[in-house]
$ cat coords-v7.txt   # compact mmCIF, C-alpha atoms and all ligand atoms
# COMPACT_ATOMS: atom_id res chain seq x y z
CA MET A 931 65.14 2.04 -115.67
CA GLY A 932 65.97 1.27 -119.26
CA ASP A 933 66.91 -2.08 -120.71
CA LEU A 934 67.99 -4.64 -118.15
CA GLU A 935 69.17 -8.19 -118.42
CA ILE A 936 66.43 -10.58 -117.32
CA ALA A 937 66.90 -14.22 -116.48
CA ALA A 938 64.47 -16.85 -115.21
CA TYR A 939 64.58 -19.34 -112.35
CA SER A 940 62.56 -21.91 -110.51
CA MET A 941 63.22 -23.66 -107.24
CA THR A 942 62.23 -26.72 -105.30
CA GLU A 943 59.00 -26.60 -103.36
CA LYS A 944 60.62 -26.37 -99.98
CA ASN A 945 62.65 -23.25 -100.73
CA LEU A 946 61.46 -19.82 -99.72
CA THR A 947 62.34 -16.48 -101.21
CA PHE A 948 64.66 -13.99 -99.52
CA SER A 949 61.54 -12.31 -98.10
CA GLY A 950 60.70 -15.58 -96.35
CA LYS A 951 57.62 -16.28 -98.45
CA LYS A 952 56.68 -18.98 -100.90
CA PRO A 953 57.57 -17.88 -104.44
CA ARG A 954 54.59 -17.18 -106.70
CA ASP A 955 54.50 -17.93 -110.39
CA GLY A 956 53.96 -14.74 -112.36
CA VAL A 957 54.53 -12.53 -109.31
CA THR A 958 57.87 -13.24 -107.67
CA LEU A 959 60.89 -11.47 -109.03
CA ALA A 960 64.45 -11.74 -107.79
CA ALA A 961 66.44 -8.55 -108.23
CA ASP A 962 69.82 -6.98 -107.69
CA PHE A 963 69.52 -5.14 -104.37
CA SER A 964 71.84 -2.34 -105.45
CA GLN A 965 69.08 -1.28 -107.87
CA PHE A 966 65.90 -2.65 -106.29
CA GLU A 967 64.53 -3.42 -102.88
CA LEU A 968 62.06 -5.89 -101.44
CA GLY A 969 58.47 -4.93 -102.24
CA ASP A 970 59.24 -2.90 -105.36
CA GLN A 971 56.75 -3.42 -108.15
CA VAL A 972 58.43 -4.03 -111.46
CA ARG A 973 56.81 -4.02 -114.87
CA ILE A 974 58.38 -6.06 -117.64
CA GLY A 975 56.36 -6.13 -120.86
CA ASP A 976 52.71 -6.64 -119.85
CA SER A 977 53.48 -8.27 -116.51
CA VAL A 978 53.89 -6.69 -113.10
CA TYR A 979 56.10 -8.50 -110.62
CA VAL A 980 57.00 -7.91 -107.00
CA VAL A 981 60.59 -8.02 -105.80
CA GLU A 982 60.53 -10.82 -103.23
CA ASP A 983 63.88 -12.43 -103.82
CA LYS A 984 67.51 -11.56 -104.39
CA VAL A 985 69.74 -12.42 -107.34
CA GLY A 986 73.19 -13.75 -106.53
CA ASP A 987 75.87 -11.16 -105.84
CA ASN A 988 77.91 -12.17 -108.87
CA ALA A 989 75.00 -12.79 -111.21
CA ALA A 990 75.12 -11.16 -114.64
CA GLU A 991 71.37 -10.48 -114.69
CA ASP A 992 69.69 -7.53 -113.01
CA VAL A 993 66.40 -9.29 -112.39
CA CYS A 994 65.26 -12.88 -112.47
CA VAL A 995 61.65 -13.96 -113.06
CA TYR A 996 60.35 -16.87 -110.98
CA PHE A 997 58.57 -19.74 -112.73
CA GLU A 998 56.95 -22.64 -110.96
CA SER A 999 58.06 -25.01 -113.69
CA SER A 1000 61.75 -25.29 -114.51
CA GLN A 1001 60.67 -25.98 -118.10
CA ASP A 1002 59.02 -22.56 -118.32
CA ALA A 1003 62.13 -20.97 -116.84
CA LEU A 1004 64.26 -22.63 -119.52
CA MET A 1005 61.86 -21.45 -122.23
CA PHE A 1006 62.16 -17.88 -120.97
CA GLY A 1007 65.92 -18.09 -121.18
CA ARG A 1008 67.67 -14.74 -120.95
CA GLN A 1009 66.24 -11.56 -122.35
CA VAL A 1010 67.04 -7.88 -122.47
CA GLN A 1011 63.90 -5.79 -122.05
CA PRO A 1012 62.86 -2.40 -120.74
CA VAL A 1013 62.06 -2.57 -117.02
CA TYR A 1014 59.96 -0.10 -115.05
CA ARG A 1015 60.02 0.17 -111.28
CA LYS A 1016 57.49 1.53 -108.83
CA ARG A 1017 58.62 1.90 -105.23
CA ALA A 1018 56.42 -0.02 -102.79
CA ASP A 1019 55.91 3.00 -100.58
CA ALA A 1020 57.26 6.48 -100.16
CA PRO A 1021 57.81 8.34 -96.91
CA GLU A 1022 54.66 10.22 -95.81
CA ASP A 1023 56.49 12.89 -93.90
CA THR A 1024 60.17 13.43 -93.49
CA GLU A 1025 60.09 15.37 -90.23
CA PHE A 1026 59.93 12.28 -88.02
CA LEU A 1027 61.36 9.82 -90.48
CA ILE A 1028 64.20 7.82 -88.96
CA GLY A 1029 64.96 5.80 -92.05
CA ARG A 1030 64.20 2.75 -94.06
CA PHE A 1031 64.65 -0.49 -92.17
CA GLU A 1032 64.65 -4.17 -92.83
CA ILE A 1033 61.97 -5.60 -90.54
CA THR A 1034 61.92 -9.19 -89.37
CA GLY A 1035 60.00 -11.08 -86.69
CA TYR A 1036 61.04 -13.06 -83.63
CA CYS A 1037 59.51 -14.75 -80.61
CA SER A 1038 60.94 -15.92 -77.30
CA CYS A 1039 61.48 -19.52 -78.41
CA ASP A 1040 64.86 -21.25 -78.32
CA ILE A 1041 65.24 -20.91 -82.09
CA CYS A 1042 64.86 -17.13 -81.99
CA CYS A 1043 66.51 -16.34 -78.67
CA GLY A 1044 68.67 -19.30 -77.75
CA GLU A 1045 68.17 -21.35 -74.63
CA LYS A 1046 67.72 -18.94 -71.77
CA GLU A 1047 65.93 -19.43 -68.50
CA GLU A 1048 64.61 -15.90 -68.37
CA LYS A 1049 62.57 -14.86 -71.38
CA LEU A 1050 62.84 -11.17 -70.72
CA THR A 1051 63.85 -8.34 -73.01
CA ARG A 1052 67.16 -6.54 -72.73
CA SER A 1053 65.29 -3.93 -70.69
CA GLY A 1054 64.17 -6.61 -68.22
CA THR A 1055 60.54 -6.42 -69.30
CA VAL A 1056 58.22 -9.17 -70.46
CA PRO A 1057 58.01 -8.85 -74.26
CA ARG A 1058 54.56 -8.13 -75.71
CA ALA A 1059 53.31 -8.67 -79.25
CA GLY A 1060 52.33 -5.47 -81.03
CA HIS A 1061 54.55 -3.51 -78.66
CA THR A 1062 58.06 -4.91 -78.28
CA VAL A 1063 60.76 -4.58 -80.91
CA ALA A 1064 64.47 -5.25 -80.89
CA ALA A 1065 66.86 -2.82 -82.56
CA ASP A 1066 70.55 -2.00 -82.78
CA PRO A 1067 71.13 0.29 -79.76
CA ASP A 1068 73.61 2.32 -81.83
CA VAL A 1069 70.78 3.15 -84.23
CA LEU A 1070 67.74 3.16 -81.92
CA PRO A 1071 68.54 3.31 -78.19
CA LEU A 1072 66.47 1.26 -75.75
CA GLY A 1073 63.36 3.22 -74.85
CA SER A 1074 62.87 4.71 -78.32
CA ILE A 1075 59.26 4.88 -79.43
CA ILE A 1076 58.82 4.24 -83.10
CA ARG A 1077 56.07 3.75 -85.64
CA ILE A 1078 56.10 1.15 -88.39
CA GLU A 1079 53.12 1.53 -90.70
CA ASP A 1080 50.22 2.09 -88.26
CA THR A 1081 51.63 0.42 -85.17
CA ILE A 1082 53.61 2.08 -82.42
CA TYR A 1083 56.37 0.05 -80.84
CA LEU A 1084 58.79 0.39 -77.97
CA VAL A 1085 62.43 -0.51 -78.51
CA GLU A 1086 63.11 -2.66 -75.46
CA ASP A 1087 65.23 -5.44 -76.81
CA THR A 1088 68.39 -6.08 -78.79
CA GLY A 1089 69.54 -9.06 -80.79
CA ARG A 1090 72.75 -10.59 -81.98
CA GLU A 1091 71.68 -10.28 -85.60
CA VAL A 1092 69.92 -6.96 -85.18
CA LYS A 1093 72.58 -4.61 -86.49
CA GLY A 1094 72.24 -1.37 -88.40
CA ASN A 1095 68.93 -0.51 -90.03
CA VAL A 1096 67.24 -3.68 -88.85
CA ILE A 1097 64.26 -4.04 -86.53
CA ASP A 1098 62.99 -7.32 -85.11
CA ILE A 1099 59.30 -7.31 -84.13
CA TYR A 1100 58.23 -9.55 -81.24
CA PHE A 1101 55.44 -12.07 -81.86
CA ASP A 1102 53.74 -14.45 -79.43
CA THR A 1103 54.36 -17.51 -81.58
CA HIS A 1104 57.24 -18.67 -83.72
CA GLU A 1105 54.83 -19.32 -86.59
CA GLU A 1106 53.69 -15.69 -86.66
CA ALA A 1107 57.31 -14.52 -86.57
CA VAL A 1108 58.22 -16.78 -89.48
CA ASN A 1109 55.12 -15.76 -91.45
CA PHE A 1110 56.05 -12.12 -91.06
CA GLY A 1111 59.14 -12.90 -93.09
CA ARG A 1112 61.35 -10.02 -94.07
CA GLN A 1113 59.93 -6.66 -95.09
CA LYS A 1114 61.17 -3.17 -95.79
CA HIS A 1115 59.45 -0.19 -94.22
CA TYR A 1116 60.01 3.42 -93.39
CA VAL A 1117 60.27 3.88 -89.64
CA TYR A 1118 59.17 7.02 -87.83
CA GLU A 1119 59.93 8.52 -84.46
CA GLU A 1120 56.86 8.83 -82.25
CA ASN A 1121 55.99 11.41 -79.67
CA LYS A 1122 56.52 9.98 -76.19
CA SER A 1123 53.83 11.91 -74.35
CA ASP A 1124 51.14 11.53 -76.97
CA PRO A 1125 51.65 8.38 -78.98
CA LYS A 1126 48.20 8.74 -80.60
CA GLY A 1127 49.15 11.67 -82.76
CA ASN A 1128 49.70 15.37 -82.18
CA LYS A 1129 53.17 15.18 -83.63
CA LYS A 1130 53.56 18.95 -83.46
CA SER A 1131 54.83 18.75 -79.90
CA ASN A 1132 57.33 16.03 -80.72
CA LYS A 1133 60.63 16.81 -79.03
CA LYS A 1134 63.72 14.75 -78.55
ZN ZN A 1201 60.80 -18.23 -82.39
$ encode --input "coords-v7.txt" --output "structure tokens"
Amino acid sequence: MGDLEIAAYSMTEKNLTFSGKKPRDGVTLAADFSQFELGDQVRIGDSVYVVEDKVGDNAAEDVCVYFESSQDALMFGRQVQPVYRKRADAPEDTEFLIGRFEITGYCSCDICCGEKEEKLTRSGTVPRAGHTVAADPDVLPLGSIIRIEDTIYLVEDTGREVKGNVIDIYFDTHEEAVNFGRQKHYVYEENKSDPKGNKKSNKK
């Protein structure tokens, strides 16, 4: 990617990265999302970092290395160095590729869904972990069957904050939903009649 401007940062223990995880010294990198995305591996000098955080929209730097100690961050200062990027994953096949989505987690608790008496999905079904996802109906209509990594999900819910290329995966507990954090994945259309494979007969 050529020479980029690199800064350093640290943060208080309670703060999490944009991906919802604890920052890791020597691993976590914040980056400009117009050039990088979450999960990208980035090599700077002899170190390989993972993009887990976001630099501020108006920041001068392209990437920002996380240090556990603010002293180390100060020592690093600002540098201009060659930066190499490796995409976290690449689409396996493009025939059934819907697109690249930001994936988050939710559960049926009051924090995730607000206080409702009925904890049903938008489709009126009982949500199930490993099965139910919420999506923007303009992007993925209710009833769509999709695959994210190796799991097949049914779009049966929507969400106020689920807009555009965003998918919210249902979990049984709030803790699991929070631990899932925020990830980026390619999402594929799955064959309705044969969700196990045999994609040849896939028809809309
Ligand atoms: Zn929750």
$ atom_distance --input "coords-v7.txt" --atom1 "CA of Arg1052 (chain A)" --atom2 "CA of Ser1038 (chain A)"
12.1 Å
$ residues_around --input "coords-v7.txt" --residues "region 954-969 of chain A" --least-positions-apart "5" --cutoff "12 Å" --atoms "only C-alpha atoms" --output "MDAnalysis selection string"
chainID A and resid 931 934:941 943 945:949 974 976:1000 1002:1003 1013:1020 1030:1033 1111:1115
$ residues_near_ligand --input "coords-v7.txt" --ligand "ligand ZN 1201 (chain A)" --cutoff "6 Å" --atoms "all atoms listed in the file" --output "JSON, numbers by chain"
{"A": [1036, 1037, 1038, 1039, 1041, 1042, 1104]}
$ atom_distance --input "coords-v7.txt" --atom1 "CA of Gly1073 (chain A)" --atom2 "CA of Asp1087 (chain A)"
9.1 Å
$ atom_distance --input "coords-v7.txt" --atom1 "CA of Phe1101 (chain A)" --atom2 "CA of Ala1059 (chain A)"
4.8 Å
$ residues_around --input "coords-v7.txt" --residues "region 1094-1096 of chain A" --least-positions-apart "2" --cutoff "12 Å" --atoms "only C-alpha atoms" --output "compact mmCIF listing (two decimals) with C-alpha atoms, in the frame of the given file"
# COMPACT_ATOMS: atom_id res chain seq x y z
CA ILE A 1028 64.20 7.82 -88.96
CA GLY A 1029 64.96 5.80 -92.05
CA ARG A 1030 64.20 2.75 -94.06
CA PHE A 1031 64.65 -0.49 -92.17
CA GLU A 1032 64.65 -4.17 -92.83
CA ILE A 1033 61.97 -5.60 -90.54
CA THR A 1034 61.92 -9.19 -89.37
CA GLY A 1035 60.00 -11.08 -86.69
CA VAL A 1063 60.76 -4.58 -80.91
CA ALA A 1064 64.47 -5.25 -80.89
CA ALA A 1065 66.86 -2.82 -82.56
CA ASP A 1066 70.55 -2.00 -82.78
CA PRO A 1067 71.13 0.29 -79.76
CA ASP A 1068 73.61 2.32 -81.83
CA VAL A 1069 70.78 3.15 -84.23
CA LEU A 1070 67.74 3.16 -81.92
CA PRO A 1071 68.54 3.31 -78.19
CA VAL A 1085 62.43 -0.51 -78.51
CA THR A 1088 68.39 -6.08 -78.79
CA GLY A 1089 69.54 -9.06 -80.79
CA ARG A 1090 72.75 -10.59 -81.98
CA GLU A 1091 71.68 -10.28 -85.60
CA VAL A 1092 69.92 -6.96 -85.18
CA ASP A 1098 62.99 -7.32 -85.11
CA ILE A 1099 59.30 -7.31 -84.13
CA ARG A 1112 61.35 -10.02 -94.07
CA GLN A 1113 59.93 -6.66 -95.09
CA LYS A 1114 61.17 -3.17 -95.79
CA HIS A 1115 59.45 -0.19 -94.22
CA TYR A 1116 60.01 3.42 -93.39
CA VAL A 1117 60.27 3.88 -89.64
$ closest_residue --input "coords-v7.txt" --among "A:Gly1060, A:Glu1120, A:Asp1102, A:Lys1046" --to "Arg1077 (chain A)" --atoms "only C-alpha atoms"
A:Glu1120
$ closest_residue --input "coords-v7.txt" --among "A:Tyr1083, A:Val972, A:Lys1049, A:Cys1043" --to "Glu1119 (chain A)" --atoms "all atoms listed in the file"
A:Tyr1083
$ residues_around --input "coords-v7.txt" --residues "His1061 (chain A)" --least-positions-apart "6" --cutoff "8 Å" --atoms "only C-alpha atoms" --output "list of chain:residue names"
A:Ile1082, A:Tyr1083, A:Leu1084, A:Tyr1100
$ closest_residue --input "coords-v7.txt" --among "A:Val1108, A:Leu1004, A:Ile1078, A:Val1056" --to "Pro1021 (chain A)" --atoms "only C-alpha atoms"
A:Ile1078
$ decode --input "coords-v7.txt" --residues "region 1018-1066 of chain A" --atoms "N, CA and C atoms" --output "JSON list (two decimals), in the first residue's frame"
[["chain", "number", "residue", "atom", "x", "y", "z"],
["A", 1018, "ALA", "N", -8.57, -10.36, 5.13],
["A", 1018, "ALA", "CA", -8.87, -11.45, 6.05],
["A", 1018, "ALA", "C", -9.41, -12.66, 5.31],
["A", 1019, "ASP", "N", -10.26, -12.46, 4.36],
["A", 1019, "ASP", "CA", -10.79, -13.58, 3.60],
["A", 1019, "ASP", "C", -11.15, -13.07, 2.21],
["A", 1020, "ALA", "N", -11.32, -13.97, 1.31],
["A", 1020, "ALA", "CA", -11.72, -13.60, -0.04],
["A", 1020, "ALA", "C", -12.92, -14.46, -0.39],
["A", 1021, "PRO", "N", -13.80, -13.98, -1.24],
["A", 1021, "PRO", "CA", -14.98, -14.78, -1.56],
["A", 1021, "PRO", "C", -14.60, -16.10, -2.22],
["A", 1022, "GLU", "N", -15.23, -17.21, -1.78],
["A", 1022, "GLU", "CA", -14.91, -18.54, -2.32],
["A", 1022, "GLU", "C", -15.50, -18.68, -3.71],
["A", 1023, "ASP", "N", -16.76, -18.33, -3.82],
["A", 1023, "ASP", "CA", -17.38, -18.38, -5.14],
["A", 1023, "ASP", "C", -18.23, -17.13, -5.27],
["A", 1024, "THR", "N", -18.37, -16.67, -6.48],
["A", 1024, "THR", "CA", -19.10, -15.42, -6.65],
["A", 1024, "THR", "C", -20.52, -15.66, -7.12],
["A", 1025, "GLU", "N", -20.83, -16.91, -7.50],
["A", 1025, "GLU", "CA", -22.15, -17.18, -8.06],
["A", 1025, "GLU", "C", -23.26, -16.88, -7.06],
["A", 1026, "PHE", "N", -23.05, -17.28, -5.81],
["A", 1026, "PHE", "CA", -24.10, -17.11, -4.80],
["A", 1026, "PHE", "C", -23.73, -16.05, -3.77],
["A", 1027, "LEU", "N", -22.70, -15.29, -4.10],
["A", 1027, "LEU", "CA", -22.27, -14.25, -3.18],
["A", 1027, "LEU", "C", -23.28, -13.10, -3.17],
["A", 1028, "ILE", "N", -23.77, -12.76, -2.00],
["A", 1028, "ILE", "CA", -24.68, -11.61, -1.89],
["A", 1028, "ILE", "C", -23.88, -10.34, -1.67],
["A", 1029, "GLY", "N", -22.86, -10.44, -0.83],
["A", 1029, "GLY", "CA", -22.04, -9.27, -0.58],
["A", 1029, "GLY", "C", -21.30, -9.40, 0.73],
["A", 1030, "ARG", "N", -20.61, -8.34, 1.05],
["A", 1030, "ARG", "CA", -19.84, -8.32, 2.29],
["A", 1030, "ARG", "C", -20.66, -7.54, 3.31],
["A", 1031, "PHE", "N", -20.85, -8.14, 4.47],
["A", 1031, "PHE", "CA", -21.72, -7.56, 5.48],
["A", 1031, "PHE", "C", -20.99, -7.34, 6.79],
["A", 1032, "GLU", "N", -21.48, -6.36, 7.51],
["A", 1032, "GLU", "CA", -21.05, -6.19, 8.89],
["A", 1032, "GLU", "C", -21.98, -7.05, 9.74],
["A", 1033, "ILE", "N", -21.40, -7.95, 10.54],
["A", 1033, "ILE", "CA", -22.20, -8.90, 11.30],
["A", 1033, "ILE", "C", -22.08, -8.59, 12.78],
["A", 1034, "THR", "N", -23.22, -8.46, 13.43],
["A", 1034, "THR", "CA", -23.23, -8.23, 14.87],
["A", 1034, "THR", "C", -24.12, -9.28, 15.52],
["A", 1035, "GLY", "N", -24.18, -9.28, 16.84],
["A", 1035, "GLY", "CA", -25.01, -10.25, 17.55],
["A", 1035, "GLY", "C", -26.08, -9.57, 18.38],
["A", 1036, "TYR", "N", -27.18, -10.27, 18.62],
["A", 1036, "TYR", "CA", -28.21, -9.75, 19.52],
["A", 1036, "TYR", "C", -28.89, -10.91, 20.22],
["A", 1037, "CYS", "N", -29.64, -10.58, 21.27],
["A", 1037, "CYS", "CA", -30.45, -11.59, 21.93],
["A", 1037, "CYS", "C", -31.82, -10.97, 22.17],
["A", 1038, "SER", "N", -32.69, -11.64, 22.90],
["A", 1038, "SER", "CA", -34.03, -11.08, 23.06],
["A", 1038, "SER", "C", -34.18, -10.28, 24.35],
["A", 1039, "CYS", "N", -33.05, -9.86, 24.93],
["A", 1039, "CYS", "CA", -33.14, -9.10, 26.18],
["A", 1039, "CYS", "C", -33.61, -7.67, 25.92],
["A", 1040, "ASP", "N", -33.92, -6.96, 27.00],
["A", 1040, "ASP", "CA", -34.41, -5.59, 26.88],
["A", 1040, "ASP", "C", -33.37, -4.66, 26.27],
["A", 1041, "ILE", "N", -32.09, -4.95, 26.52],
["A", 1041, "ILE", "CA", -31.03, -4.09, 25.97],
["A", 1041, "ILE", "C", -31.02, -4.20, 24.45],
["A", 1042, "CYS", "N", -31.13, -5.41, 23.95],
["A", 1042, "CYS", "CA", -31.05, -5.63, 22.50],
["A", 1042, "CYS", "C", -32.36, -5.30, 21.80],
["A", 1043, "CYS", "N", -33.47, -5.61, 22.41],
["A", 1043, "CYS", "CA", -34.75, -5.53, 21.70],
["A", 1043, "CYS", "C", -35.74, -4.55, 22.30],
["A", 1044, "GLY", "N", -35.38, -3.88, 23.37],
["A", 1044, "GLY", "CA", -36.34, -3.00, 24.01],
["A", 1044, "GLY", "C", -37.31, -3.81, 24.83],
["A", 1045, "GLU", "N", -38.11, -3.13, 25.63],
["A", 1045, "GLU", "CA", -39.04, -3.87, 26.49],
["A", 1045, "GLU", "C", -40.30, -4.22, 25.71],
["A", 1046, "LYS", "N", -40.40, -5.49, 25.41],
["A", 1046, "LYS", "CA", -41.59, -5.97, 24.69],
["A", 1046, "LYS", "C", -42.13, -7.15, 25.46],
["A", 1047, "GLU", "N", -43.42, -7.34, 25.40],
["A", 1047, "GLU", "CA", -43.99, -8.51, 26.07],
["A", 1047, "GLU", "C", -43.71, -9.77, 25.27],
["A", 1048, "GLU", "N", -43.90, -9.67, 23.97],
["A", 1048, "GLU", "CA", -43.68, -10.82, 23.11],
["A", 1048, "GLU", "C", -42.25, -10.79, 22.60],
["A", 1049, "LYS", "N", -41.54, -11.88, 22.81],
["A", 1049, "LYS", "CA", -40.16, -11.94, 22.32],
["A", 1049, "LYS", "C", -40.12, -12.75, 21.03],
["A", 1050, "LEU", "N", -40.90, -12.34, 20.08],
["A", 1050, "LEU", "CA", -40.94, -13.07, 18.81],
["A", 1050, "LEU", "C", -40.21, -12.28, 17.73],
["A", 1051, "THR", "N", -39.84, -12.96, 16.67],
["A", 1051, "THR", "CA", -39.20, -12.28, 15.55],
["A", 1051, "THR", "C", -40.25, -11.51, 14.76],
["A", 1052, "ARG", "N", -39.78, -10.73, 13.81],
["A", 1052, "ARG", "CA", -40.67, -9.99, 12.94],
["A", 1052, "ARG", "C", -41.60, -10.93, 12.16],
["A", 1053, "SER", "N", -41.14, -12.16, 11.95],
["A", 1053, "SER", "CA", -41.95, -13.15, 11.24],
["A", 1053, "SER", "C", -42.93, -13.85, 12.17],
["A", 1054, "GLY", "N", -42.90, -13.51, 13.47],
["A", 1054, "GLY", "CA", -43.82, -14.14, 14.41],
["A", 1054, "GLY", "C", -43.33, -15.47, 14.94],
["A", 1055, "THR", "N", -42.06, -15.80, 14.67],
["A", 1055, "THR", "CA", -41.51, -17.07, 15.13],
["A", 1055, "THR", "C", -40.70, -16.86, 16.41],
["A", 1056, "VAL", "N", -40.43, -17.95, 17.09],
["A", 1056, "VAL", "CA", -39.55, -17.89, 18.26],
["A", 1056, "VAL", "C", -38.11, -17.92, 17.75],
["A", 1057, "PRO", "N", -37.30, -16.91, 18.08],
["A", 1057, "PRO", "CA", -35.93, -16.89, 17.55],
["A", 1057, "PRO", "C", -35.10, -18.05, 18.09],
["A", 1058, "ARG", "N", -34.22, -18.58, 17.25],
["A", 1058, "ARG", "CA", -33.36, -19.70, 17.66],
["A", 1058, "ARG", "C", -31.91, -19.36, 17.35],
["A", 1059, "ALA", "N", -31.03, -19.67, 18.30],
["A", 1059, "ALA", "CA", -29.60, -19.45, 18.09],
["A", 1059, "ALA", "C", -29.10, -20.39, 16.99],
["A", 1060, "GLY", "N", -28.16, -19.91, 16.19],
["A", 1060, "GLY", "CA", -27.62, -20.72, 15.10],
["A", 1060, "GLY", "C", -28.58, -20.84, 13.94],
["A", 1061, "HIS", "N", -29.64, -20.04, 13.93],
["A", 1061, "HIS", "CA", -30.66, -20.15, 12.90],
["A", 1061, "HIS", "C", -31.22, -18.78, 12.51],
["A", 1062, "THR", "N", -31.57, -17.99, 13.52],
["A", 1062, "THR", "CA", -32.26, -16.72, 13.28],
["A", 1062, "THR", "C", -31.27, -15.57, 13.08],
["A", 1063, "VAL", "N", -31.50, -14.80, 12.02],
["A", 1063, "VAL", "CA", -30.77, -13.53, 11.88],
["A", 1063, "VAL", "C", -31.76, -12.43, 11.53],
["A", 1064, "ALA", "N", -31.36, -11.21, 11.86],
["A", 1064, "ALA", "CA", -32.12, -10.03, 11.45],
["A", 1064, "ALA", "C", -31.35, -9.34, 10.34],
["A", 1065, "ALA", "N", -32.08, -8.81, 9.37],
["A", 1065, "ALA", "CA", -31.45, -8.11, 8.26],
["A", 1065, "ALA", "C", -32.34, -6.95, 7.84],
["A", 1066, "ASP", "N", -31.80, -6.10, 7.00],
["A", 1066, "ASP", "CA", -32.58, -5.01, 6.41],
["A", 1066, "ASP", "C", -33.44, -5.62, 5.30]]
